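*Asks:* One structure follows; several queries about it will come next.
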Amino acid sequence: MGVGVLFLRRALAARPSRAPVAFATSRRLLRSSPPSRAFAKQLFLGKIEKKEVFPFPEVSQDELNEINQFVGPLEKFFTEEVDSERIDREGKIPNETLEKLKNLGLFGMQVPEEYGGLGLSNTMYARLGEIIGLDGSIAVTLAAHQAIGLKGIILAGNKEQKAKYLPRLASGEHIAAFCLTEPTSGSDAASIKTRATLSEDKKHYILNGSKIWITNGGIANVFTVFAKTQVVDSDGSVKDKITALIVERDFGGVTNGKPEDKLGIRGSNTCEVHFENTKVPIENVLGEVGGGFKVAMNILNSGRFSMGSLVAGMLKKLIEMTAAYACTRKQFNKNLSEFGLIQEKFALMAQKTYVMESMAYLTAGMLDQPGFPDCSIEAAMVKVFSSEGAWQCVSEALQVLGGSGYMRDYPYERLLRDSRILLIFEGTNEILRMYIALTGLQHAGRILTTRINELKRGNVTTVIETVSQRLRDSLSRTVDLGLTGKLGAVHPSVADSANKLEENVYYFGRTVETLLLRFGKTIVEEQMVLKRVANILINLYGMTAVLSRASRSIRVGLRNHDHEVLLANIFCAEAYYQNLFTLSQLDKYSPENLDEQIKKVSQQVLEKQAYICAHPLDRTS
């Protein structure tokens, strides 16, 4: 066992004991009352709920000291003992590395202490995620185990299930996997075919079916499996509904295929898992019979925020390595770092890292508040922004590195391969954009229903009020949502950016109302519209996160806070103008909107299932 492992175990042993029930609430000292409204949903109404995001979440000094006890040994372990090149080459994580990960307690980071885990808050989990993200295969293996594999037991399990399964999962003696995807159902989770049939004695469910692309599928002992079951509805009718089950490999009838040969994260174990007449005790139903879809969504929604810190940790290391190269590599008698187009790439990488890190820790802070707030939209936005930022930044780094970035002798091409999956798993970014937009629009729709119905009926008072409001808007009214000024939430150094955010939020709220009036319930079919709505919201949340963080950094006097101000102001300016353009595209008669032409092109291509233009060398005679 390495020195770092021993140190960490001693640090854990020295931790002061806590009452398990009080543990979750004791970590967040910044606010003590549960939130009244979800932040992101209120943006759809053109409102900024300042108390949810200002000031930026802080941790107590005790928690900061505790975090630092973990960070040192973990960084030492990943720097000195993790051989990422070997893991990628051999396509598996060595057993000795897995054992050390278990000894470090990393298989039970968010398992409550009463069940043998570390009981970390979301903020602490995010901080350790920065280090774990240095190796993609390890990060995915651990995330599949606890962010989704065992998370259902924590969220929906009863006391008996938690006591039975969590201790061995926390220690790593048992490894967990999450089994949802099937050959015929990917993003459409409701279409799964795996079936669990109640036995004649009603003591077991007989499970049959196959799952694909299951991370940890070949090494897991415990599976959270989703299957169709027959449920008697309140009206007496029998319907098929999804039920979540805790399945042990030892139940029998559980087999797996060979590990998949993947593009990236090659060391993580991904394979098919098959269930053939597997007898699952009825005591192993997770949550309610027929309530499995809700369990699955809660599991996925709760863990997405951590991608922000995982990616940020990887990008910080990438910036260091790439900057060292750029500052020593000479071309035309100059270091690469002296060329403007190279400098632009580093500014982009720093900006993306700062934004995703800010979004991730703001969301973690929200989740650590008492009352289990719904941050599913915020978490989804962190996932989308971070995954796309990772892909863009790694690509830009390879451009700086030139041929060296393309060669397997260096780690850069592996980072590119590892990053590509981020846009696909834990919900594709396309699906998540639909989720972000529709969830917010549904919230706005419930609140604006009366007003929209009055507009449709031609209620004179409401129509005049709306016309007057739009007239004031057309005259470039000043928007003040309380972020600036003497009682404002942001520091004067970022006041101009805060004004841009306020303006964007206000006009976003007006646009949302117009879209609901224009499309009604049919907006669920308008995916290009929904994509734009989601893109605006992601920008608004990113702007909010960096303004809150930069303001705190200035006020407490953190080092390099002027650098944070630069990054925040650059991002807010770029996001502001992107939002203005996107808002204009959402106008019904906007010349910037090319949706109909795009649909026509795609229809013609898909009809022939080919590129249909004549070859440029063809002749008509």
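In the structure tokens, chains take letters A, B, ... by order of appearance, with residues numbered from 1 within each chain and ligands from 1 in the order shown.
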What's around Leu594 (chain A) at 12 Å? Count only C-alpha atoms, leave out sequence neighbours fewer than 5 positions away in its own chain, and write the answer as a PyMOL selection string.

*Replies:* chain A and resi 528-529+582+584-589+599-601

*Asks:* Counting only C-alpha atoms, which residues of region 40-150 of chain A fall within 12 Å of region 400-419 of chain A, and what is the closest atom pair for each with its distance in Å at one decimal, ordered by chain and rising number, as a Markdown table?

*Replies:*
```
| residue | atom | partner | partner_atom | distance |
| --- | --- | --- | --- | --- |
| A:Asp83 | CA | A:Pro411 | CA | 11.0 |
| A:Ser84 | CA | A:Pro411 | CA | 8.5 |
| A:Glu85 | CA | A:Pro411 | CA | 7.3 |
| A:Arg86 | CA | A:Pro411 | CA | 11.1 |
| A:Ile87 | CA | A:Arg414 | CA | 10.9 |
| A:Asp88 | CA | A:Arg414 | CA | 7.8 |
| A:Arg89 | CA | A:Arg408 | CA | 9.9 |
| A:Gly133 | CA | A:Leu415 | CA | 10.6 |
| A:Leu134 | CA | A:Leu415 | CA | 9.3 |
| A:Asp135 | CA | A:Leu415 | CA | 8.8 |
| A:Gly136 | CA | A:Asp418 | CA | 6.1 |
| A:Ser137 | CA | A:Asp418 | CA | 8.0 |
| A:Ile138 | CA | A:Asp418 | CA | 11.2 |
| A:Ala139 | CA | A:Asp418 | CA | 10.6 |
| A:Val140 | CA | A:Asp418 | CA | 9.9 |
```

*Asks:* Could you tell me which of A:Met109, A:Asn68, A:Pro55, A:Ile131 comes closest to Val82 (chain A) if we count only C-alpha atoms?

*Replies:*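 That would be A:Ile131, the residue with the smallest distance to Val82 (chain A).
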
*Asks:* Using only C-alpha atoms, which of A:Val59, A:Val231, A:Ala444, A:Ala196 sits nearest Lys279 (chain A)?

*Replies:*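 Smallest separation from Lys279 (chain A) among the options: A:Ala196.
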
*Asks:* Kindly provide the residues of region 408-460 of chain A that approach region 37-51 of chain A to within 8 Å, each paired with its closest atom pair and their distance in Å to one decimal, based on only C-alpha atoms, listed by chain and increasing number, as a tab-separated table.

*Replies:*
```
residue	atom	partner	partner_atom	distance
A:Thr439	CA	A:Lys41	CA	7.8
A:Gly440	CA	A:Lys41	CA	5.1
A:Leu441	CA	A:Phe44	CA	6.8
A:His443	CA	A:Lys41	CA	6.5
A:Ala444	CA	A:Phe44	CA	6.0
```

*Asks:* Okay, now the selection with C-alpha atoms, as an mmCIF file, in the first residue's frame?

*Replies:*
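result.cif was written with the following content:
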```cif
data_model
loop_
_atom_site.group_PDB
_atom_site.id
_atom_site.type_symbol
_atom_site.label_atom_id
_atom_site.label_comp_id
_atom_site.auth_asym_id
_atom_site.auth_seq_id
_atom_site.Cartn_x
_atom_site.Cartn_y
_atom_site.Cartn_z
ATOM 1 C CA THR A 439 -38.793 21.138 -18.334
ATOM 2 C CA GLY A 440 -38.400 24.896 -18.129
ATOM 3 C CA LEU A 441 -41.159 25.592 -20.642
ATOM 4 C CA HIS A 443 -42.789 25.279 -15.570
ATOM 5 C CA ALA A 444 -43.404 28.565 -17.353
#
```

*Asks:* Could you pull out the residues in region 159-235 of chain A that DSSP calls alpha helix (DSSP H) from the backbone, as a list of chain:residue names?

*Replies:*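 Taking region 159-235 of chain A and keeping alpha helix (DSSP H) gives A:Lys159, A:Glu160, A:Gln161, A:Lys162, A:Ala163, A:Lys164, A:Tyr165, A:Leu166, A:Pro167, A:Arg168, A:Leu169, A:Ala170, A:Ser171.
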